[in-house]
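my_file.txt follows (compact mmCIF, C-alpha atoms):
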# COMPACT_ATOMS: atom_id res chain seq x y z
CA MET A 160 146.20 6.92 98.43
CA SER A 161 148.13 5.06 95.74
CA LYS A 162 150.73 2.41 96.46
CA SER A 163 153.60 4.74 95.65
CA ASP A 164 152.44 7.20 98.30
CA LEU A 165 153.66 4.84 101.02
CA ILE A 166 157.39 4.30 101.39
CA ILE A 167 158.94 1.73 103.70
CA ILE A 168 162.45 2.50 104.92
CA ILE A 169 164.62 -0.41 106.07
CA PRO A 170 168.04 0.40 107.54
CA VAL A 171 170.29 -2.60 106.98
CA PHE A 172 173.67 -3.50 108.41
CA ASN A 173 174.96 -7.01 107.71
CA GLU A 174 171.57 -8.73 107.58
CA ALA A 175 172.25 -10.82 104.45
CA THR A 176 170.73 -13.98 105.92
CA VAL A 177 167.25 -12.53 106.50
CA ILE A 178 166.88 -9.42 104.35
CA ARG A 179 165.45 -11.21 101.29
CA LYS A 180 162.75 -12.80 103.44
CA VAL A 181 161.90 -9.44 105.02
CA ILE A 182 161.58 -7.71 101.64
CA GLY A 183 159.68 -10.73 100.24
CA GLU A 184 157.11 -10.49 103.00
CA LEU A 185 156.58 -6.78 102.33
CA ILE A 186 156.17 -7.37 98.58
CA ASN A 187 153.63 -10.10 99.26
CA GLU A 188 151.70 -7.74 101.52
CA GLY A 189 151.36 -5.41 98.54
CA PHE A 190 153.94 -2.76 99.46
CA SER A 191 155.79 -1.61 96.37
CA GLU A 192 157.98 1.28 97.52
CA ILE A 193 160.72 -0.23 99.66
CA VAL A 194 163.86 1.76 100.35
CA ILE A 195 166.90 -0.14 101.61
CA ILE A 196 169.52 1.95 103.37
CA ASP A 197 172.66 -0.14 103.41
CA ASP A 198 174.63 1.24 106.35
CA GLY A 199 178.04 0.16 105.11
CA SER A 200 177.39 -3.60 105.18
CA SER A 201 180.32 -5.85 104.32
CA ASP A 202 178.18 -8.69 102.95
CA ASN A 203 177.61 -7.48 99.39
CA LEU A 204 174.00 -6.59 100.07
CA GLN A 205 173.30 -4.91 96.72
CA GLU A 206 174.08 -8.10 94.83
CA ILE A 207 172.06 -10.24 97.24
CA ILE A 208 168.88 -8.23 96.67
CA SER A 209 169.56 -7.09 93.09
CA ASP A 210 166.47 -8.87 91.65
CA LEU A 211 164.05 -7.45 94.22
CA PRO A 212 161.99 -4.34 93.45
CA ALA A 213 163.55 -1.97 95.92
CA THR A 214 165.40 1.31 96.00
CA TYR A 215 168.94 0.88 97.24
CA ILE A 216 171.01 3.60 98.93
CA ARG A 217 174.41 2.87 100.43
CA HIS A 218 176.44 4.60 103.13
CA LYS A 219 180.09 4.12 102.25
CA ILE A 220 180.92 3.61 105.92
CA ASN A 221 178.87 2.32 108.84
CA LEU A 222 177.30 5.26 110.69
CA GLY A 223 174.61 3.59 112.77
CA GLN A 224 170.89 2.86 112.55
CA GLY A 225 169.82 6.40 113.42
CA ALA A 226 171.92 7.86 110.60
CA ALA A 227 170.58 5.28 108.13
CA LEU A 228 166.99 6.12 109.07
CA GLN A 229 167.63 9.83 108.61
CA THR A 230 169.16 9.16 105.18
CA GLY A 231 165.94 7.30 104.31
CA ILE A 232 163.87 10.21 105.62
CA GLU A 233 165.94 12.67 103.57
CA TYR A 234 165.29 10.53 100.49
CA CYS A 235 161.54 10.54 101.23
CA LYS A 236 161.50 14.32 101.68
CA ALA A 237 162.48 14.63 98.03
CA THR A 238 159.59 12.38 96.92
CA THR A 239 155.83 12.87 97.01
CA ALA A 240 155.34 10.16 99.66
CA GLU A 241 152.33 10.74 101.91
CA ILE A 242 153.27 8.12 104.51
CA VAL A 243 156.68 6.76 105.51
CA VAL A 244 157.10 3.62 107.59
CA THR A 245 160.33 2.58 109.32
CA PHE A 246 160.82 -1.17 109.46
CA ASP A 247 163.56 -3.35 111.01
CA ALA A 248 165.72 -5.57 108.81
CA ASP A 249 166.19 -8.43 111.26
CA GLY A 250 162.81 -10.04 110.58
CA GLN A 251 161.17 -9.28 113.93
CA HIS A 252 158.45 -7.06 112.46
CA CYS A 253 155.40 -8.42 110.63
CA ALA A 254 154.55 -6.77 107.32
CA GLU A 255 150.83 -7.15 108.00
CA SER A 256 151.18 -4.89 111.07
CA ILE A 257 151.77 -1.96 108.72
CA HIS A 258 148.09 -1.96 107.67
CA ASP A 259 147.05 -1.35 111.30
CA LEU A 260 149.92 1.03 111.93
CA ILE A 261 148.93 3.50 109.20
CA GLN A 262 145.20 3.51 110.00
CA PRO A 263 145.26 6.45 112.48
CA ILE A 264 147.24 8.47 109.89
CA LEU A 265 144.89 7.58 107.02
CA GLN A 266 141.91 8.55 109.19
CA GLY A 267 143.59 11.85 110.03
CA HIS A 268 143.80 11.16 113.77
CA ALA A 269 147.60 11.15 114.04
CA ASP A 270 150.73 12.55 112.39
CA VAL A 271 152.88 9.76 113.77
CA THR A 272 152.10 6.24 114.93
CA LEU A 273 154.43 4.13 117.03
CA GLY A 274 154.24 0.36 117.06
CA SER A 275 153.97 -1.09 120.55
CA ARG A 276 154.53 -4.72 121.42
CA PHE A 277 153.09 -4.16 124.90
CA LEU A 278 149.62 -3.40 123.60
CA SER A 279 149.48 -6.78 121.93
CA GLU A 280 149.56 -10.40 123.05
CA THR A 281 153.13 -10.97 121.77
CA SER A 282 154.61 -9.07 124.71
CA LYS A 283 154.27 -12.31 126.70
CA GLU A 284 156.97 -13.88 124.51
CA LEU A 285 159.45 -11.14 125.38
CA PRO A 286 162.63 -12.33 127.15
CA VAL A 287 162.79 -11.03 130.74
CA SER A 288 166.15 -9.31 130.21
CA ARG A 289 164.74 -7.37 127.24
CA LEU A 290 161.63 -6.49 129.21
CA ILE A 291 163.71 -4.98 132.03
CA LEU A 292 165.86 -3.00 129.54
CA ILE A 293 162.80 -1.56 127.81
CA GLN A 294 161.22 -0.54 131.11
CA VAL A 295 164.45 1.19 132.20
CA ALA A 296 164.61 2.92 128.80
CA ARG A 297 161.03 4.13 129.28
CA LEU A 298 161.95 5.60 132.66
CA VAL A 299 165.08 7.31 131.26
CA ASN A 300 163.04 8.76 128.38
CA PHE A 301 160.49 10.07 130.86
CA LEU A 302 163.14 11.68 133.06
CA LEU A 303 165.11 13.20 130.18
CA PHE A 304 162.40 14.09 127.68
CA GLY A 305 159.13 13.97 129.60
CA TYR A 306 157.24 11.36 127.60
CA LEU A 307 156.06 7.91 128.57
CA PHE A 308 155.11 5.61 125.71
CA SER A 309 154.40 1.94 126.32
CA ASP A 310 157.24 0.71 124.11
CA ALA A 311 160.45 2.70 124.27
CA HIS A 312 162.43 1.04 121.51
CA ASN A 313 160.23 -0.27 118.74
CA GLY A 314 161.54 0.36 115.23
CA LEU A 315 158.11 0.09 113.58
CA ARG A 316 156.80 3.63 113.14
CA ALA A 317 154.76 5.54 110.59
CA PHE A 318 154.88 9.23 109.71
CA ASN A 319 152.65 11.43 107.59
CA ARG A 320 154.03 14.06 105.23
CA LYS A 321 153.98 16.81 107.86
CA ALA A 322 155.97 14.68 110.30
CA ILE A 323 158.49 13.62 107.65
CA ASP A 324 159.20 17.24 106.79
CA LEU A 325 159.75 18.11 110.45
CA ILE A 326 161.71 15.12 111.78
CA ASN A 327 165.49 15.36 111.71
CA ILE A 328 167.33 12.60 113.56
CA THR A 329 170.83 13.55 114.71
CA GLU A 330 171.64 10.54 116.90
CA ASN A 331 173.60 8.23 114.62
CA ARG A 332 173.43 5.16 116.80
CA MET A 333 170.72 3.52 118.89
CA ALA A 334 169.91 6.65 120.90
CA HIS A 335 167.77 7.71 117.91
CA ALA A 336 164.98 5.55 119.36
CA SER A 337 164.60 8.13 122.11
CA GLU A 338 165.08 11.06 119.75
CA PHE A 339 162.00 10.19 117.67
CA PRO A 340 159.54 10.68 120.55
CA ALA A 341 161.49 13.75 121.73
CA GLN A 342 161.10 15.37 118.29
CA ILE A 343 157.45 14.34 118.07
CA ARG A 344 156.88 16.22 121.30
CA GLN A 345 159.03 19.18 120.30
CA ASN A 346 157.20 19.58 116.96
CA LYS A 347 153.81 19.10 118.63
CA LEU A 348 152.91 16.20 116.34
CA ARG A 349 149.83 14.14 117.12
CA VAL A 350 150.94 10.66 118.07
CA SER A 351 149.19 7.40 118.65
CA GLU A 352 150.43 3.96 119.68
CA VAL A 353 149.31 0.93 117.74
CA PRO A 354 149.62 -2.70 118.91
CA VAL A 355 152.01 -4.63 116.65
CA LYS A 356 153.19 -8.20 116.61
CA ILE A 357 156.88 -8.88 117.17
CA LYS A 358 158.52 -12.19 116.28
CA TYR A 359 161.18 -13.34 118.69
CA ASP A 360 163.20 -15.97 116.90
CA GLN A 361 166.79 -16.89 117.70
CA TYR A 362 168.16 -14.50 115.08
CA SER A 363 166.35 -11.36 116.20
CA LYS A 364 167.12 -12.12 119.86
CA LYS A 365 170.79 -12.40 119.00
CA LYS A 366 170.71 -9.15 117.04
CA GLY A 367 168.93 -7.24 119.82
CA GLN A 368 170.65 -4.78 122.12
CA SER A 369 172.66 -6.07 125.05
CA GLY A 370 172.80 -4.51 128.50
CA LEU A 371 176.13 -2.93 127.60
CA ASP A 372 174.63 -1.29 124.49
CA SER A 373 171.98 0.24 126.72
CA VAL A 374 174.61 1.83 128.94
CA ARG A 375 176.15 3.35 125.81
CA VAL A 376 172.75 4.62 124.66
CA PHE A 377 172.18 6.14 128.10
CA PHE A 378 175.46 8.07 127.96
CA ASP A 379 174.77 9.13 124.37
CA LEU A 380 171.40 10.50 125.45
CA VAL A 381 172.62 12.33 128.54
CA LEU A 382 175.69 13.84 126.86
CA HIS A 383 173.83 14.73 123.66
CA LYS A 384 171.06 16.38 125.64
CA PHE A 385 173.54 18.82 127.15
CA PHE A 386 176.00 19.10 124.25
CA LYS A 387 173.94 19.51 121.10
CA MET B 255 217.36 18.95 142.23
CA SER B 256 215.67 15.64 143.13
CA GLY B 257 214.96 12.76 140.75
CA ILE B 258 211.26 13.54 140.37
CA GLN B 259 212.04 17.21 139.68
CA ILE B 260 214.44 16.23 136.86
CA LEU B 261 211.83 13.85 135.42
CA LEU B 262 208.98 16.40 135.54
CA PHE B 263 211.22 19.20 134.28
CA THR B 264 212.28 17.13 131.24
CA LEU B 265 208.72 16.05 130.45
CA ILE B 266 207.33 19.58 130.72
CA LEU B 267 210.07 20.94 128.45
CA PHE B 268 209.51 18.15 125.95
CA ILE B 269 205.73 18.76 125.85
CA GLY B 270 206.26 22.54 125.65
CA ILE B 271 208.72 22.33 122.73
CA TYR B 272 206.61 19.73 120.89
CA PHE B 273 203.50 21.92 120.96
CA LEU B 274 205.37 25.17 120.28
CA VAL B 275 206.78 23.63 117.10
CA ARG B 276 203.33 22.41 116.05
CA LEU B 277 201.39 25.57 116.91
CA LYS B 278 203.73 27.85 114.93
CA GLN B 279 201.73 31.02 114.25
CA ARG B 280 198.82 30.83 116.66
CA LEU B 281 199.77 33.60 119.04
CA TYR B 282 197.07 33.08 121.66
CA ASP B 283 197.87 29.38 122.00
CA ILE B 284 201.61 30.08 122.17
CA ILE B 285 201.14 32.61 124.99
CA LEU B 286 198.82 30.26 126.89
CA LEU B 287 201.14 27.28 126.45
CA SER B 288 204.27 29.24 127.39
CA SER B 289 202.59 30.54 130.57
CA MET B 290 201.52 27.01 131.51
CA VAL B 291 205.02 25.63 130.90
CA LEU B 292 206.60 28.43 132.98
CA LEU B 293 204.08 27.89 135.78
CA ALA B 294 204.69 24.14 135.75
CA ILE B 295 208.49 24.59 135.83
CA THR B 296 208.22 27.11 138.69
CA LEU B 297 206.03 24.74 140.70
CA VAL B 298 208.40 21.82 140.07
CA LEU B 299 211.43 23.87 141.17
CA PHE B 300 209.65 25.52 144.13
CA PRO B 301 207.01 23.04 145.35
CA ALA B 302 206.57 25.02 148.55
CA ILE B 303 204.55 27.58 146.57
CA THR B 304 201.76 25.02 146.06
CA ASN B 305 201.70 24.41 149.82
CA SER B 306 201.19 28.11 150.56
CA VAL B 307 198.42 28.40 147.96
CA ALA B 308 196.81 25.20 149.29
CA LYS B 309 196.94 26.54 152.84
CA TRP B 310 195.34 29.79 151.70
CA LEU B 311 192.53 27.77 150.05
CA ASN B 312 192.15 25.51 153.11
CA VAL B 313 193.40 22.40 151.30
CA GLY B 314 195.73 20.11 153.28
CA ARG B 315 198.73 19.86 150.95
CA GLY B 316 199.96 21.40 147.71
CA ALA B 317 199.95 17.97 146.07
CA ASP B 318 196.24 17.59 146.92
CA LEU B 319 195.47 20.97 145.40
CA ILE B 320 197.27 20.02 142.17
CA PHE B 321 195.36 16.71 142.16
CA TYR B 322 191.96 18.46 142.47
CA LEU B 323 192.84 20.97 139.78
CA SER B 324 194.05 18.16 137.49
CA ILE B 325 190.73 16.34 137.84
CA LEU B 326 188.81 19.50 136.94
CA THR B 327 191.09 20.20 133.98
CA PHE B 328 190.80 16.61 132.76
CA TRP B 329 187.01 16.79 133.05
CA TYR B 330 186.87 20.08 131.15
CA LEU B 331 189.15 18.79 128.40
CA SER B 332 187.18 15.53 128.02
CA LEU B 333 183.93 17.44 127.52
CA LYS B 334 185.58 19.88 125.14
CA LEU B 335 186.93 16.97 123.10
CA TYR B 336 183.54 15.26 123.22
CA VAL B 337 181.85 18.34 121.75
CA ARG B 338 184.50 18.49 119.03
CA VAL B 339 184.13 14.78 118.21
CA ARG B 340 180.36 15.23 118.01
CA ARG B 341 180.75 18.16 115.64
CA LEU B 342 183.08 16.10 113.45
CA GLU B 343 180.66 13.17 113.56
CA ARG B 344 177.85 15.40 112.29
CA LEU B 345 180.07 16.70 109.54
CA PHE B 346 181.09 13.32 108.19
CA THR B 347 177.55 11.96 108.59
CA GLU B 348 176.40 14.77 106.33
CA ILE B 349 179.16 14.04 103.81
CA VAL B 350 178.42 10.29 103.76
CA ARG B 351 174.66 10.96 103.51
CA ASN B 352 174.93 13.46 100.67
CA ASP B 353 177.23 11.08 98.87
CA ALA B 354 174.78 8.19 99.35
CA LEU B 355 171.79 10.21 98.14
CA LYS B 356 173.63 11.10 94.93
CA GLU B 357 173.68 7.42 93.98
CA VAL B 358 170.19 6.01 94.39
CA HIS B 359 169.83 2.62 92.69
CA LYS B 360 166.50 1.23 91.51
CA LEU B 361 166.92 -2.52 91.76
CA GLY B 362 165.18 -5.31 89.80
CA THR B 363 161.48 -5.38 89.14
CA ASN B 364 161.23 -9.13 88.85
CA PRO B 365 161.41 -10.69 92.31
CA GLN B 366 162.46 -14.32 92.28
CA LEU B 367 161.73 -15.34 95.82
CA ARG B 368 162.94 -18.76 96.74
CA ASP B 369 160.56 -21.12 98.58
CA GLU B 370 162.08 -20.43 101.97
CA GLU B 371 161.68 -16.69 101.39
CA GLN B 372 157.91 -16.82 101.14
CA PRO B 373 155.99 -15.17 103.97
CA GLY B 374 155.52 -17.12 107.16
CA LYS B 375 158.91 -18.81 106.86
CA ILE B 376 161.00 -16.07 108.44
Any chance you could give the structure as C-alpha cells?
Amino acid sequence: MSKSDLIIIIPVFNEATVIRKVIGELINEGFSEIVIIDDGSSDNLQEIISDLPATYIRHKINLGQGAALQTGIEYCKATTAEIVVTFDADGQHCAESIHDLIQPILQGHADVTLGSRFLSETSKELPVSRLILIQVARLVNFLLFGYLFSDAHNGLRAFNRKAIDLINITENRMAHASEFPAQIRQNKLRVSEVPVKIKYDQYSKKKGQSGLDSVRVFFDLVLHKFFK
Amino acid sequence: MSGIQILLFTLILFIGIYFLVRLKQRLYDIILLSSMVLLAITLVLFPAITNSVAKWLNVGRGADLIFYLSILTFWYLSLKLYVRVRRLERLFTEIVRNDALKEVHKLGTNPQLRDEEQPGKI
C-alpha cells in the first residue's frame, strides 16, 4: 500500500490553537494525505494552515462533527483511497496509534477498526465524569442499537474501501458516534477494537462533551431512530 | 357573553383570518381550518357541549377533556414539526456539502513547523 492509499480525515471547528500541532504530528509520522474539513470555523483556519501539505474543504456554515466527517468520507469515495482514518482535531489522539489501528485492516481481518481507550493503560487518566458518561453512552447504544463496544465515543477509527463505500452518516452532530457502530452492524462489516492512547490535557478536557451535550445526543438518537 | 368568551372569540377569529389570508388557494387546508375555527367558536359560545361530550367519555369536566386533547395535539404537532425540521436539515446539509466538495483546496507542500509544533509538544 502506498502512502496516498491512506487518507486521514480531520473535522475541525475553531481549533486554531492546536490544529497545526496535530497536522505536524501526522506529517512527522509519515502520513501524507491529510484532509481537513473546516466545519464553518470563524478563526480563519485556511490561512493558519496554508503552508501545510493538506487538502482543505470548507463548509460555509457550521453543521456539526458528524456532517463534517461524512463530507470527508464523500471526498474519499471519489479517490482511490484503500484506508480512511478519522482523527480528532483537538490533539487528544496520538498519530502513532494509527499504525496499530490499521493493522487488522491491512492483514484482512477487519473492514473497520475502532480505537478504544479502555483497552489501553491511558484509561486510568480518564476523568471520572467522562468515564460515567461513556459508560452510560455504551448502555444507551446497546439498548437502542444492540452493540456493546468498549469505547462508545472514540473519534479514532479506520475503514477499508468496502466500509467507506457503504458508510453514510446522517447524524450531523455528536450522535454520529453512535451511528458509526449502528451502520457497521447494519452493513455486516467485520469490526475490531484496537487499544489507542488518548492524551488528556487541559485543552482536550475543556473541548470534550459536557453532561448537557450527552442529554442532547440521547434525544437526537432516540428521535432519529424513530423518525428517519 | 363573558369576558373570557370575548377574549377567546377574538383570538380564534384573528388566528382564523390570519391563516385564511396566508393559505389562499389550498382548499384542503382552508376547509380544515374553517371547520376548526367554527368548532372552536361553537365551543366558546356553548361550553356546555364540552361537558356533555366529557361525560359521555367518562372525563370529569369539559375543560379537562379540552386539556387532554390539547396535549395530544401539541405532541402530534411537535413531532410533525420535528420531522419537517429534520428533512430540511438533511436538505441544507446536502447543499452545503456539495458546495464544499466543489471547492477542494490543495494547500502548501512545504511545511514550516515552528519548534512548539514538533511532535511531543502538544
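Distance-wise, atom CA of Val181 of chain A and atom CA of Ser351 of chain A end up 25.1 Å apart.
From atom CA of Thr245 of chain A back to atom CA of Asp270 of chain A, the distance works out to 14.2 Å.
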Counting only C-alpha atoms, give me one row per residue of chain A with an atom at most 7 Å from an atom of chain B, showing the shortest contact pair and its distance in Å to one decimal, sorted by chain then residue number, as a tab-separated table.
residue	atom	partner	partner_atom	distance
A:Arg179	CA	B:Glu371	CA	6.7
A:Lys180	CA	B:Glu371	CA	4.5
A:Gly183	CA	B:Glu371	CA	6.4
A:Glu184	CA	B:Pro373	CA	4.9
A:Ser209	CA	B:Leu361	CA	5.4
A:Asp210	CA	B:Gly362	CA	4.2
A:Leu211	CA	B:Pro365	CA	4.6
A:Pro212	CA	B:Thr363	CA	4.5
A:Ala213	CA	B:Leu361	CA	5.4
A:Thr214	CA	B:Lys360	CA	4.6
A:Tyr215	CA	B:His359	CA	5.0
A:Ile216	CA	B:Val358	CA	5.2
A:Arg217	CA	B:Ala354	CA	5.4
A:His218	CA	B:Ala354	CA	5.5
A:Lys219	CA	B:Val350	CA	6.6
A:Thr230	CA	B:Arg351	CA	6.0
A:Tyr234	CA	B:Leu355	CA	6.9
A:Gly250	CA	B:Ile376	CA	6.6
A:Phe386	CA	B:Val337	CA	6.4
Go ahead and save the residues from that selection, with C-alpha atoms, as a JSON list (two decimals), in the frame of the given file.
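What ended up in part.json:
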[["chain", "number", "residue", "atom", "x", "y", "z"],
["A", 179, "ARG", "CA", 165.45, -11.21, 101.29],
["A", 180, "LYS", "CA", 162.75, -12.80, 103.44],
["A", 183, "GLY", "CA", 159.68, -10.73, 100.24],
["A", 184, "GLU", "CA", 157.11, -10.49, 103.00],
["A", 209, "SER", "CA", 169.56, -7.09, 93.09],
["A", 210, "ASP", "CA", 166.47, -8.87, 91.65],
["A", 211, "LEU", "CA", 164.05, -7.45, 94.22],
["A", 212, "PRO", "CA", 161.99, -4.34, 93.45],
["A", 213, "ALA", "CA", 163.55, -1.97, 95.92],
["A", 214, "THR", "CA", 165.40, 1.31, 96.00],
["A", 215, "TYR", "CA", 168.94, 0.88, 97.24],
["A", 216, "ILE", "CA", 171.01, 3.60, 98.93],
["A", 217, "ARG", "CA", 174.41, 2.87, 100.43],
["A", 218, "HIS", "CA", 176.44, 4.60, 103.13],
["A", 219, "LYS", "CA", 180.09, 4.12, 102.25],
["A", 230, "THR", "CA", 169.16, 9.16, 105.18],
["A", 234, "TYR", "CA", 165.29, 10.53, 100.49],
["A", 250, "GLY", "CA", 162.81, -10.04, 110.58],
["A", 386, "PHE", "CA", 176.00, 19.10, 124.25]]
* To do: Using all atoms listed in the file, find all polymer residues with an atom at most 9 Å away from the point (205.1, 21.3, 150.9); report them as JSON, numbers by chain.
  => {"B": [301, 302, 303, 304, 305, 306, 315, 316, 317]}
* **Pick from B:Leu331, B:Ile284, B:Val339, B:Leu299 nearest to Leu261 of chain B, counting all atoms listed in the file** => B:Leu299
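Here atom CA of Asn331 of chain A is placed at a distance of 22.7 Å from atom CA of Ile242 of chain A.
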* Give me the residues within 9 Å of Ala294 of chain B as a list in words, counting all atoms listed in the file and dropping any in the same chain fewer than 6 places off. => Leu262, Phe263 and Ile266 of chain B
* To do: Tell me which protein, DNA and RNA residues are within 10 Å of Leu204 of chain A, counting all atoms listed in the file, leaving out same-chain ones fewer than 5 positions away, and put them as JSON, numbers by chain.
  => {"A": [171, 172, 173, 174, 175, 176, 178, 179, 195, 197, 199, 209, 215, 217]}
* Asked: His252 of chain A: which residues within 10 Å, counting all atoms listed in the file, same-chain residues fewer than 4 positions away excluded, as a ChimeraX atom specification?
  -> /A:181,246-248,256-257,274,313-315,355-359,363
Include C-alpha atoms and write out the residues we just selected as a CSV table (one decimal), keeping the file's coordinate frame.
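As a result, again_3.csv now contains:
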chain,number,residue,atom,x,y,z
A,181,VAL,CA,161.9,-9.4,105.0
A,246,PHE,CA,160.8,-1.2,109.5
A,247,ASP,CA,163.6,-3.4,111.0
A,248,ALA,CA,165.7,-5.6,108.8
A,256,SER,CA,151.2,-4.9,111.1
A,257,ILE,CA,151.8,-2.0,108.7
A,274,GLY,CA,154.2,0.4,117.1
A,313,ASN,CA,160.2,-0.3,118.7
A,314,GLY,CA,161.5,0.4,115.2
A,315,LEU,CA,158.1,0.1,113.6
A,355,VAL,CA,152.0,-4.6,116.6
A,356,LYS,CA,153.2,-8.2,116.6
A,357,ILE,CA,156.9,-8.9,117.2
A,358,LYS,CA,158.5,-12.2,116.3
A,359,TYR,CA,161.2,-13.3,118.7
A,363,SER,CA,166.4,-11.4,116.2
